[in-house]
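Shown below: model03.cif, with mmCIF, C-alpha atoms.
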```
data_input
#
loop_
_atom_site.label_atom_id
_atom_site.label_comp_id
_atom_site.auth_asym_id
_atom_site.auth_seq_id
_atom_site.Cartn_x
_atom_site.Cartn_y
_atom_site.Cartn_z
CA MET A 24 -54.67 -76.01 -13.44
CA THR A 25 -57.66 -75.08 -11.28
CA GLU A 26 -55.31 -74.49 -8.40
CA ILE A 27 -53.34 -71.99 -10.49
CA THR A 28 -56.38 -69.88 -11.29
CA GLU A 29 -57.60 -70.01 -7.69
CA LYS A 30 -54.23 -68.87 -6.38
CA ALA A 31 -53.80 -66.28 -9.10
CA ALA A 32 -57.21 -64.90 -8.21
CA LYS A 33 -56.08 -64.53 -4.59
CA LEU A 34 -53.40 -61.99 -5.46
CA PRO A 35 -54.52 -58.61 -4.05
CA GLY A 36 -55.50 -56.14 -6.77
CA ALA A 37 -52.65 -53.71 -6.10
CA VAL A 38 -50.07 -56.53 -6.24
CA GLU A 39 -51.48 -57.90 -9.47
CA ARG A 40 -51.45 -54.45 -11.01
CA PHE A 41 -47.85 -53.84 -9.95
CA VAL A 42 -46.76 -57.25 -11.29
CA LEU A 43 -48.42 -56.60 -14.64
CA HIS A 44 -47.02 -53.07 -14.93
CA TRP A 45 -43.53 -54.10 -13.90
CA GLY A 46 -43.69 -56.91 -16.47
CA ASP A 47 -44.62 -54.39 -19.15
CA LEU A 48 -41.91 -51.96 -18.11
CA GLY A 49 -39.41 -54.81 -18.18
CA GLY A 50 -40.20 -55.14 -21.88
CA GLN A 51 -39.40 -51.43 -22.37
CA TRP A 52 -36.15 -51.82 -20.47
CA GLY A 53 -35.12 -54.87 -22.47
CA VAL A 54 -35.82 -57.40 -19.72
CA ASN A 55 -37.95 -60.47 -20.37
CA ARG A 56 -41.54 -60.07 -19.15
CA SER A 57 -41.57 -63.20 -16.94
CA VAL A 58 -38.31 -62.11 -15.33
CA SER A 59 -39.68 -58.72 -14.40
CA GLN A 60 -43.03 -60.13 -13.25
CA ILE A 61 -41.27 -62.56 -10.92
CA HIS A 62 -39.09 -59.74 -9.66
CA ALA A 63 -42.17 -57.63 -8.93
CA LEU A 64 -43.91 -60.49 -7.11
CA LEU A 65 -40.88 -61.21 -4.91
CA TYR A 66 -40.36 -57.52 -4.25
CA LEU A 67 -43.86 -57.19 -2.79
CA SER A 68 -43.96 -60.57 -1.08
CA GLU A 69 -43.87 -60.41 2.73
CA ARG A 70 -42.27 -63.89 2.88
CA PRO A 71 -39.78 -65.87 0.76
CA LEU A 72 -41.41 -67.87 -2.06
CA THR A 73 -40.53 -71.18 -3.74
CA ALA A 74 -40.37 -71.63 -7.50
CA GLU A 75 -43.64 -73.61 -7.20
CA ASP A 76 -45.34 -70.71 -5.40
CA ILE A 77 -44.19 -68.34 -8.13
CA ALA A 78 -45.26 -70.61 -11.00
CA ALA A 79 -48.68 -71.14 -9.43
CA THR A 80 -49.29 -67.50 -8.54
CA LEU A 81 -48.29 -66.09 -11.92
CA GLY A 82 -49.51 -69.02 -14.02
CA LEU A 83 -46.05 -69.53 -15.54
CA ALA A 84 -44.39 -72.78 -16.60
CA ARG A 85 -41.91 -74.19 -14.07
CA SER A 86 -39.08 -74.17 -16.62
CA ASN A 87 -39.73 -70.50 -17.37
CA VAL A 88 -39.70 -69.72 -13.63
CA SER A 89 -36.40 -71.59 -13.14
CA ASN A 90 -34.72 -69.72 -15.98
CA SER A 91 -36.07 -66.39 -14.79
CA ILE A 92 -34.88 -67.07 -11.24
CA ARG A 93 -31.41 -67.77 -12.60
CA GLU A 94 -31.52 -64.49 -14.51
CA LEU A 95 -32.63 -62.53 -11.43
CA MET A 96 -29.87 -64.16 -9.36
CA ALA A 97 -27.36 -63.10 -12.03
CA TRP A 98 -28.66 -59.53 -11.72
CA ASN A 99 -28.21 -59.92 -7.98
CA LEU A 100 -31.81 -58.79 -7.44
CA ILE A 101 -32.99 -61.89 -5.59
CA ARG A 102 -31.27 -64.41 -3.32
CA ARG A 103 -31.84 -67.89 -1.93
CA VAL A 104 -32.91 -67.96 1.72
CA PRO A 105 -33.27 -70.97 3.99
CA VAL A 106 -36.71 -71.42 5.56
CA LYS A 107 -36.90 -73.36 8.81
CA GLY A 108 -38.70 -76.68 8.52
CA ASP A 109 -38.91 -76.51 4.73
CA ARG A 110 -36.21 -78.07 2.60
CA ARG A 111 -37.37 -76.54 -0.67
CA GLU A 112 -35.45 -73.58 -2.06
CA HIS A 113 -36.98 -70.23 -1.19
CA PHE A 114 -36.20 -66.87 -2.74
CA GLU A 115 -36.51 -63.30 -1.58
CA ALA A 116 -35.88 -60.02 -3.35
CA GLU A 117 -33.60 -57.16 -2.44
CA THR A 118 -36.05 -54.55 -1.12
CA ASP A 119 -33.95 -51.40 -0.88
CA PRO A 120 -34.92 -49.43 -4.02
CA PHE A 121 -31.49 -47.76 -4.06
CA GLU A 122 -29.72 -51.13 -4.05
CA ILE A 123 -32.08 -52.39 -6.73
CA ALA A 124 -31.33 -49.40 -8.94
CA MET A 125 -27.57 -49.69 -8.43
CA ARG A 126 -27.54 -53.39 -9.21
CA ILE A 127 -29.60 -52.88 -12.34
CA ALA A 128 -27.27 -50.04 -13.33
CA ALA A 129 -24.23 -52.30 -12.82
CA VAL A 130 -25.65 -55.04 -15.06
CA ARG A 131 -26.84 -52.60 -17.71
CA LYS A 132 -23.38 -51.07 -17.81
CA GLU A 133 -21.88 -54.50 -18.34
CA ARG A 134 -24.39 -55.49 -21.02
CA GLU A 135 -24.94 -52.20 -22.85
CA ILE A 136 -22.17 -49.70 -22.19
CA ASP A 137 -19.14 -52.01 -22.09
CA PRO A 138 -19.92 -53.59 -25.49
CA ALA A 139 -20.58 -50.10 -26.94
CA VAL A 140 -17.18 -48.90 -25.73
CA ALA A 141 -15.50 -52.02 -27.14
CA ALA A 142 -17.24 -51.57 -30.51
CA LEU A 143 -16.22 -47.90 -30.69
CA LYS A 144 -12.61 -48.79 -29.88
CA ALA A 145 -12.66 -51.31 -32.74
CA CYS A 146 -14.10 -48.63 -35.08
CA VAL A 147 -11.43 -46.11 -34.10
CA ALA A 148 -8.72 -48.73 -34.63
CA ASP A 149 -10.17 -49.52 -38.07
CA ALA A 150 -10.41 -45.84 -38.89
CA GLU A 151 -6.71 -45.36 -38.33
CA ARG A 152 -5.86 -47.80 -41.12
CA ASP A 153 -8.59 -46.68 -43.51
CA PRO A 154 -7.22 -44.23 -46.10
CA LYS A 155 -10.68 -43.84 -47.69
CA LEU A 156 -12.21 -42.49 -44.49
CA HIS A 157 -12.96 -38.77 -44.52
CA PRO A 158 -10.98 -36.95 -41.79
CA VAL A 159 -14.27 -35.51 -40.46
CA ALA A 160 -15.68 -39.00 -39.97
CA SER A 161 -12.49 -40.10 -38.28
CA LYS A 162 -12.54 -37.12 -35.93
CA ARG A 163 -16.15 -37.81 -35.00
CA LEU A 164 -15.35 -41.43 -34.20
CA HIS A 165 -12.51 -40.31 -31.95
CA ASP A 166 -14.68 -37.69 -30.24
CA MET A 167 -17.45 -40.23 -29.68
CA LEU A 168 -15.04 -42.72 -28.16
CA ALA A 169 -13.52 -40.12 -25.84
CA PHE A 170 -16.99 -38.98 -24.77
CA VAL A 171 -18.31 -42.47 -24.14
CA GLU A 172 -15.18 -43.39 -22.20
CA THR A 173 -15.56 -40.30 -20.02
CA LEU A 174 -19.18 -41.10 -19.22
CA ASP A 175 -18.31 -44.74 -18.64
CA ARG A 176 -15.60 -43.82 -16.15
CA TRP A 177 -18.00 -41.48 -14.38
CA HIS A 178 -20.72 -44.15 -14.21
CA ALA A 179 -18.27 -46.73 -12.83
CA GLN A 180 -17.00 -44.22 -10.25
CA MET A 181 -20.46 -43.22 -9.12
CA LEU A 182 -21.37 -46.86 -8.51
CA THR A 183 -18.61 -46.90 -5.86
CA VAL A 184 -20.00 -43.93 -3.90
CA PRO A 185 -21.58 -45.02 -0.60
CA LYS A 186 -25.38 -44.93 -0.71
CA PRO A 187 -25.97 -42.15 1.86
CA LYS A 188 -23.63 -39.87 -0.11
CA LEU A 189 -25.31 -40.72 -3.40
CA ALA A 190 -28.69 -40.07 -1.78
CA ALA A 191 -27.40 -36.67 -0.60
CA LEU A 192 -26.25 -35.86 -4.15
CA ILE A 193 -29.63 -36.84 -5.58
CA ARG A 194 -31.45 -34.69 -3.01
CA LEU A 195 -29.19 -31.77 -3.88
CA GLY A 196 -30.30 -31.91 -7.53
CA THR A 197 -29.16 -28.93 -9.59
CA ARG A 198 -27.88 -27.20 -6.46
CA VAL A 199 -24.85 -29.42 -6.90
CA VAL A 200 -23.79 -27.00 -9.63
CA GLY A 201 -23.30 -24.38 -6.91
CA LEU A 202 -20.70 -26.64 -5.30
CA LEU A 203 -18.61 -26.59 -8.45
CA SER A 204 -17.21 -23.15 -7.71
CA LEU A 205 -15.99 -24.47 -4.34
CA GLY A 206 -14.16 -27.24 -6.18
CA LYS A 207 -12.12 -24.83 -8.27
CA LYS A 208 -8.61 -24.29 -7.14
CA MET B 4 -32.41 -47.50 -36.75
CA ARG B 5 -29.02 -48.02 -35.25
CA MET B 6 -27.43 -48.19 -38.71
CA SER B 7 -29.00 -44.96 -39.91
CA ALA B 8 -28.04 -43.21 -36.69
CA VAL B 9 -24.42 -44.13 -37.26
CA ALA B 10 -24.63 -43.31 -40.92
CA LEU B 11 -25.70 -39.74 -40.26
CA GLU B 12 -23.46 -39.17 -37.30
CA LEU B 13 -20.32 -39.61 -39.37
CA PRO B 14 -21.11 -37.74 -42.59
CA ARG B 15 -19.74 -34.25 -43.09
CA ARG B 16 -22.56 -33.26 -45.46
CA PRO B 17 -26.24 -34.39 -45.45
CA VAL B 18 -26.81 -37.94 -46.69
CA PHE B 19 -29.19 -39.32 -49.27
CA GLU B 20 -28.42 -42.95 -48.70
CA PRO B 21 -27.97 -44.18 -45.16
CA ARG B 22 -24.28 -44.93 -45.30
CA LEU B 23 -21.01 -43.72 -43.88
CA ALA B 24 -20.65 -40.79 -46.26
CA PRO B 25 -19.49 -37.36 -45.13
CA GLY B 26 -21.94 -34.50 -44.71
CA PRO B 27 -25.72 -33.20 -45.35
CA GLN B 28 -26.83 -35.95 -47.71
CA PRO B 29 -30.03 -36.62 -49.59
CA GLY B 30 -31.83 -38.87 -47.13
CA PRO B 31 -33.61 -42.17 -47.34
CA GLU B 32 -37.38 -41.96 -47.89
CA PRO B 33 -38.60 -39.67 -45.11
CA GLU B 34 -41.51 -42.09 -44.70
CA ASP B 35 -39.04 -44.76 -43.64
CA PRO B 36 -40.11 -45.61 -40.07
CA ARG B 37 -36.50 -45.88 -38.93
CA PHE B 38 -35.96 -42.41 -40.20
CA ARG B 39 -39.06 -40.98 -38.59
CA GLU B 40 -37.75 -42.52 -35.39
CA LEU B 41 -34.49 -40.56 -35.67
CA MET B 42 -36.38 -37.34 -36.32
CA ALA B 43 -38.57 -38.08 -33.29
CA TRP B 44 -35.45 -38.49 -31.17
CA ASN B 45 -34.39 -35.09 -32.46
CA LEU B 46 -31.05 -36.54 -33.56
CA VAL B 47 -31.38 -35.76 -37.26
CA ARG B 48 -32.65 -32.63 -39.01
CA ARG B 49 -33.58 -31.56 -42.50
CA VAL B 50 -31.16 -29.13 -44.15
CA PRO B 51 -31.60 -27.34 -47.45
CA VAL B 52 -28.75 -27.84 -49.96
CA LYS B 53 -28.25 -25.20 -52.65
CA GLY B 54 -29.00 -26.43 -56.16
CA ASP B 55 -30.53 -29.71 -54.99
CA ARG B 56 -34.25 -29.88 -54.40
CA ARG B 57 -34.20 -33.29 -52.78
CA GLU B 58 -34.50 -33.40 -49.00
CA HIS B 59 -31.16 -33.60 -47.25
CA PHE B 60 -30.50 -34.61 -43.69
CA GLU B 61 -27.72 -34.19 -41.22
CA ALA B 62 -27.15 -35.49 -37.72
CA GLU B 63 -26.53 -33.55 -34.55
CA THR B 64 -22.80 -33.92 -33.94
CA ASP B 65 -22.43 -32.28 -30.52
CA LEU B 66 -22.01 -35.33 -28.30
CA TRP B 67 -23.50 -33.65 -25.23
CA GLU B 68 -26.55 -32.72 -27.26
CA ILE B 69 -26.84 -36.27 -28.59
CA ALA B 70 -26.55 -37.78 -25.13
CA MET B 71 -29.02 -35.32 -23.58
CA ARG B 72 -31.58 -35.78 -26.35
CA ILE B 73 -31.36 -39.55 -26.03
CA ALA B 74 -31.68 -39.19 -22.27
CA ALA B 75 -34.77 -36.99 -22.67
CA VAL B 76 -36.51 -39.50 -24.94
CA ARG B 77 -35.57 -42.45 -22.74
CA LYS B 78 -36.99 -40.63 -19.74
CA GLU B 79 -40.23 -40.06 -21.61
CA ARG B 80 -40.49 -43.66 -22.80
CA GLU B 81 -39.11 -45.58 -19.84
CA ILE B 82 -39.21 -43.54 -16.67
CA ASP B 83 -42.41 -41.52 -17.09
CA PRO B 84 -44.58 -44.63 -17.66
CA ALA B 85 -42.90 -46.30 -14.66
CA VAL B 86 -43.78 -43.36 -12.43
CA ALA B 87 -47.35 -43.27 -13.72
CA ALA B 88 -47.78 -47.03 -13.20
CA LEU B 89 -46.40 -46.86 -9.68
CA ARG B 90 -48.70 -43.98 -8.78
CA ALA B 91 -51.67 -46.02 -9.98
CA CYS B 92 -50.53 -49.02 -7.92
CA VAL B 93 -50.07 -46.93 -4.79
CA ALA B 94 -53.52 -45.40 -5.27
CA ASP B 95 -54.97 -48.94 -5.62
CA ALA B 96 -53.09 -50.10 -2.56
CA GLU B 97 -54.73 -47.48 -0.39
CA HIS B 98 -58.14 -49.08 -0.64
CA ASP B 99 -57.04 -52.69 -0.96
CA ARG B 100 -57.86 -54.42 2.30
CA LYS B 101 -56.36 -57.73 1.22
CA LEU B 102 -52.96 -56.12 0.71
CA HIS B 103 -50.29 -57.11 3.24
CA PRO B 104 -48.90 -53.98 4.99
CA VAL B 105 -45.39 -55.01 3.90
CA ALA B 106 -46.45 -54.91 0.26
CA GLY B 107 -48.13 -51.55 0.81
CA LYS B 108 -44.98 -50.12 2.35
CA ARG B 109 -42.77 -51.45 -0.45
CA LEU B 110 -45.01 -49.94 -3.10
CA ASN B 111 -44.76 -46.58 -1.31
CA ASP B 112 -40.98 -46.87 -0.96
CA MET B 113 -40.54 -47.70 -4.62
CA LEU B 114 -42.73 -44.79 -5.71
CA ALA B 115 -40.88 -42.35 -3.43
CA PHE B 116 -37.54 -43.54 -4.80
CA VAL B 117 -38.56 -43.46 -8.45
CA GLU B 118 -40.06 -39.98 -7.99
CA ALA B 119 -36.86 -38.71 -6.36
CA MET B 120 -34.73 -40.14 -9.19
CA ASP B 121 -37.10 -38.79 -11.78
CA ARG B 122 -36.96 -35.30 -10.29
CA TRP B 123 -33.18 -35.49 -10.21
CA TYR B 124 -32.95 -36.71 -13.78
CA ALA B 125 -35.30 -33.98 -15.05
CA GLN B 126 -33.32 -31.35 -13.12
CA MET B 127 -29.98 -32.54 -14.42
CA LEU B 128 -31.23 -32.32 -17.99
CA THR B 129 -31.63 -28.57 -17.39
CA VAL B 130 -28.02 -28.03 -16.22
CA PRO B 131 -25.99 -26.15 -18.84
CA LYS B 132 -23.65 -28.43 -20.78
CA PRO B 133 -20.33 -26.96 -19.56
CA LYS B 134 -21.44 -27.40 -15.94
CA LEU B 135 -22.51 -30.96 -16.58
CA ALA B 136 -19.18 -31.65 -18.23
CA MET B 137 -17.43 -30.29 -15.12
CA LEU B 138 -19.51 -32.51 -12.87
CA ILE B 139 -18.66 -35.55 -14.95
CA ARG B 140 -14.95 -34.68 -14.90
CA LEU B 141 -15.09 -34.25 -11.15
CA GLY B 142 -16.51 -37.76 -10.71
CA THR B 143 -16.51 -39.02 -7.12
CA ARG B 144 -14.60 -35.93 -5.96
CA ILE B 145 -17.95 -34.15 -5.91
CA VAL B 146 -18.72 -36.17 -2.79
CA SER B 147 -16.01 -34.38 -0.83
CA LEU B 148 -17.70 -31.07 -1.72
CA LEU B 149 -21.00 -32.07 -0.14
CA PRO B 150 -21.95 -29.85 2.79
CA LEU B 151 -20.27 -31.13 5.96
CA GLY B 152 -23.57 -31.24 7.85
CA LYS B 153 -24.74 -34.04 5.56
CA GLN B 154 -21.83 -36.34 6.39
CA LYS B 155 -22.42 -39.39 8.49
#
```
Rewrite the structure from the file as structure tokens, please.
Amino acid sequence: MTEITEKAAKLPGAVERFVLHWGDLGGQWGVNRSVSQIHALLYLSERPLTAEDIAATLGLARSNVSNSIRELMAWNLIRRVPVKGDRREHFEAETDPFEIAMRIAAVRKEREIDPAVAALKACVADAERDPKLHPVASKRLHDMLAFVETLDRWHAQMLTVPKPKLAALIRLGTRVVGLLSLGKK
Amino acid sequence: MRMSAVALELPRRPVFEPRLAPGPQPGPEPEDPRFRELMAWNLVRRVPVKGDRREHFEAETDLWEIAMRIAAVRKEREIDPAVAALRACVADAEHDRKLHPVAGKRLNDMLAFVEAMDRWYAQMLTVPKPKLAMLIRLGTRIVSLLPLGKQK
């Protein structure tokens, strides 16, 4: 236990602050606090860390760290790396912020948007056989489904755009609207 | 909150009880926290109904408006605090001698990225709806319209 506090105390102030903030933000974004704290620690770490390192530095239980590591691997935000002369498993984080954002977007789509689209489809199917449903309600369900499907298609498409092109689009900002007239046939 | 959002989205007239009934309907108790939440998201508004003095409510039904209002609130609650927190960390990092240069660089990179995305997001929320709809329809084809000079 003493070792944990000693090591935790060694974390530079800026790193500790980032880890705590990222953990908090994780909560806002619907990600478990330990998961986002571990992500933050690995993101800033200059070398790969073992589960023991992580547990000791953050003062977390080993079981919690193992589960969180599994979660981060599922999000594709961290990976196992071999370290010469050390047989323990080491982990490092993806460090390209663009990659991080795209991977988080891909998982959020899978967990949040896909189920929403499926639920709306079920509602629209129900609506078609429901004679008590007001036509206005039915129309709104249809409109909502069409809209969500359009955005979903767009999101999925944009995740396939190569990073430099996406970065160019982001830099362009609202000026992209000016390109629309070029696109018209 | 999710239930009441759905309840008011479908009705044709304002609702009193949060259910799938058409239209403005007399609402649930306006003190209901779930309801205050919907008003805060700007997704539901009060509407007067002739001959009925109770408060009635109806939902925004323009889907672009709904999406953009949700996006605006999410930005405020999720992205703005992230940017503020990152700025504070980067400021700390500048006078932290124990900080490894790699960590310092990564903090800077993350802040630069989040700021760029945040600027983009804020800008896109100002694009008129029909233009946004066109952009969405265009999908990846927009990439072929990017200025040639930018291509790698």
Using the chain letters and numbers from this file, what does the PyMOL selection byres ((chain A) within 7 of (chain B)) select? Give the answer as an mmCIF file with C-alpha atoms, in the frame of the given file.
```
data_model
loop_
_atom_site.group_PDB
_atom_site.id
_atom_site.type_symbol
_atom_site.label_atom_id
_atom_site.label_comp_id
_atom_site.auth_asym_id
_atom_site.auth_seq_id
_atom_site.Cartn_x
_atom_site.Cartn_y
_atom_site.Cartn_z
ATOM 1 C CA PRO A 35 -54.520 -58.610 -4.050
ATOM 2 C CA GLY A 36 -55.500 -56.140 -6.770
ATOM 3 C CA ALA A 37 -52.650 -53.710 -6.100
ATOM 4 C CA ARG A 40 -51.450 -54.450 -11.010
ATOM 5 C CA PHE A 41 -47.850 -53.840 -9.950
ATOM 6 C CA HIS A 44 -47.020 -53.070 -14.930
ATOM 7 C CA LEU A 48 -41.910 -51.960 -18.110
ATOM 8 C CA GLN A 51 -39.400 -51.430 -22.370
ATOM 9 C CA TRP A 52 -36.150 -51.820 -20.470
ATOM 10 C CA LEU A 67 -43.860 -57.190 -2.790
ATOM 11 C CA SER A 68 -43.960 -60.570 -1.080
ATOM 12 C CA GLU A 69 -43.870 -60.410 2.730
ATOM 13 C CA PRO A 120 -34.920 -49.430 -4.020
ATOM 14 C CA HIS A 157 -12.960 -38.770 -44.520
ATOM 15 C CA VAL A 159 -14.270 -35.510 -40.460
ATOM 16 C CA ALA A 160 -15.680 -39.000 -39.970
ATOM 17 C CA ARG A 163 -16.150 -37.810 -35.000
ATOM 18 C CA MET A 167 -17.450 -40.230 -29.680
ATOM 19 C CA TRP A 177 -18.000 -41.480 -14.380
ATOM 20 C CA GLN A 180 -17.000 -44.220 -10.250
ATOM 21 C CA MET A 181 -20.460 -43.220 -9.120
ATOM 22 C CA VAL A 184 -20.000 -43.930 -3.900
ATOM 23 C CA LYS A 188 -23.630 -39.870 -0.110
ATOM 24 C CA ILE A 193 -29.630 -36.840 -5.580
ATOM 25 C CA GLY A 196 -30.300 -31.910 -7.530
ATOM 26 C CA THR A 197 -29.160 -28.930 -9.590
ATOM 27 C CA VAL A 200 -23.790 -27.000 -9.630
ATOM 28 C CA LEU A 202 -20.700 -26.640 -5.300
ATOM 29 C CA GLY A 206 -14.160 -27.240 -6.180
#
```
When you draw a straight line from atom CA of Ser89 of chain A to atom CA of Ser57 of chain A, how long is it in Å?
10.6 Å
Quick one: distance from atom CA of Phe114 of chain A to atom CA of Pro71 of chain A in Å, one decimal?
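For atom CA of Phe114 of chain A relative to atom CA of Pro71 of chain A, the distance reads 5.1 Å.
Around Glu115 of chain A, within 8 Å and counting only C-alpha atoms, the residues found are Leu65, Tyr66, Ser68, Arg70, Pro71, Leu72, Ile101, Arg102, Arg103 and Val104 of chain A, once anything fewer than 4 positions away on its own chain is removed.
Interatomic distance, atom CA of Lys144 of chain A to atom CA of Ser161 of chain A: 12.1 Å.
The neighbours of Val42 of chain A here are the residues that come within 7 Å of it, using only C-alpha atoms and leaving out any residue fewer than 4 positions away in the same chain; they are Val38, Gly46, Gln60, Ala63 and Leu64 of chain A.
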Please expand the PyMOL selection byres ((chain B and resi 45) around 12) into the concrete residues it hits in this file, giving the result as a VMD selection string.
chain B and resid 8 38 to 44 46 to 49 60 to 64 68 to 76
I'd like to know which of A:Glu172, A:Asp166, A:Asp153, A:Glu94 is closest to Val54 of chain A, using all atoms listed in the file.
A:Glu94
Can you list, as a PyMOL selection string, every protein, DNA or RNA residue that comes within 12 Å of Leu83 of chain A when you count all atoms listed in the file, leaving out same-chain residues fewer than 3 positions away?
chain A and resi 24+27-28+31+56-58+60-61+74-80+86-91
Need to verify the contact set: Phe121 of chain A, 9 Å, all atoms listed in the file, exclusion of same-chain residues closer than 5 positions in sequence. Can you return it as number ranges by chain?
A: 126, 186, 190; B: 116
Could you please fill out segment 175-197 of chain A with N, CA and C atoms and send it back as a tab-separated table (two decimals), keeping the file's coordinate frame?
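Writing done, so here's selection01.tsv:
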```
chain	number	residue	atom	x	y	z
A	175	ASP	N	-18.43	-43.39	-19.19
A	175	ASP	CA	-18.31	-44.74	-18.64
A	175	ASP	C	-17.51	-44.71	-17.34
A	176	ARG	N	-16.42	-43.95	-17.35
A	176	ARG	CA	-15.60	-43.82	-16.15
A	176	ARG	C	-16.42	-43.20	-15.02
A	177	TRP	N	-17.19	-42.17	-15.38
A	177	TRP	CA	-18.00	-41.48	-14.38
A	177	TRP	C	-19.03	-42.45	-13.78
A	178	HIS	N	-19.70	-43.19	-14.65
A	178	HIS	CA	-20.72	-44.15	-14.21
A	178	HIS	C	-20.09	-45.18	-13.25
A	179	ALA	N	-18.94	-45.71	-13.66
A	179	ALA	CA	-18.27	-46.73	-12.83
A	179	ALA	C	-17.88	-46.12	-11.48
A	180	GLN	N	-17.39	-44.89	-11.50
A	180	GLN	CA	-17.00	-44.22	-10.25
A	180	GLN	C	-18.20	-44.02	-9.34
A	181	MET	N	-19.29	-43.54	-9.94
A	181	MET	CA	-20.46	-43.22	-9.12
A	181	MET	C	-21.04	-44.47	-8.46
A	182	LEU	N	-20.88	-45.62	-9.12
A	182	LEU	CA	-21.37	-46.86	-8.51
A	182	LEU	C	-20.57	-47.23	-7.26
A	183	THR	N	-19.41	-46.60	-7.05
A	183	THR	CA	-18.61	-46.90	-5.86
A	183	THR	C	-18.91	-45.95	-4.70
A	184	VAL	N	-19.70	-44.90	-4.96
A	184	VAL	CA	-20.00	-43.93	-3.90
A	184	VAL	C	-20.96	-44.58	-2.89
A	185	PRO	N	-20.67	-44.41	-1.60
A	185	PRO	CA	-21.58	-45.02	-0.60
A	185	PRO	C	-23.00	-44.46	-0.75
A	186	LYS	N	-23.98	-45.30	-0.48
A	186	LYS	CA	-25.38	-44.93	-0.71
A	186	LYS	C	-25.81	-43.62	-0.04
A	187	PRO	N	-25.47	-43.39	1.25
A	187	PRO	CA	-25.97	-42.15	1.86
A	187	PRO	C	-25.45	-40.91	1.12
A	188	LYS	N	-24.20	-41.00	0.63
A	188	LYS	CA	-23.63	-39.87	-0.11
A	188	LYS	C	-24.34	-39.68	-1.44
A	189	LEU	N	-24.60	-40.80	-2.12
A	189	LEU	CA	-25.31	-40.72	-3.40
A	189	LEU	C	-26.70	-40.12	-3.17
A	190	ALA	N	-27.35	-40.57	-2.08
A	190	ALA	CA	-28.69	-40.07	-1.78
A	190	ALA	C	-28.62	-38.56	-1.54
A	191	ALA	N	-27.55	-38.10	-0.86
A	191	ALA	CA	-27.40	-36.67	-0.60
A	191	ALA	C	-27.24	-35.91	-1.92
A	192	LEU	N	-26.46	-36.49	-2.84
A	192	LEU	CA	-26.25	-35.86	-4.15
A	192	LEU	C	-27.56	-35.74	-4.92
A	193	ILE	N	-28.35	-36.82	-4.86
A	193	ILE	CA	-29.63	-36.84	-5.58
A	193	ILE	C	-30.56	-35.77	-5.00
A	194	ARG	N	-30.58	-35.68	-3.65
A	194	ARG	CA	-31.45	-34.69	-3.01
A	194	ARG	C	-31.03	-33.27	-3.40
A	195	LEU	N	-29.74	-33.09	-3.56
A	195	LEU	CA	-29.19	-31.77	-3.88
A	195	LEU	C	-29.65	-31.31	-5.26
A	196	GLY	N	-29.84	-32.25	-6.18
A	196	GLY	CA	-30.30	-31.91	-7.53
A	196	GLY	C	-29.37	-30.90	-8.18
A	197	THR	N	-29.97	-29.90	-8.84
A	197	THR	CA	-29.16	-28.93	-9.59
A	197	THR	C	-28.33	-28.05	-8.66
```
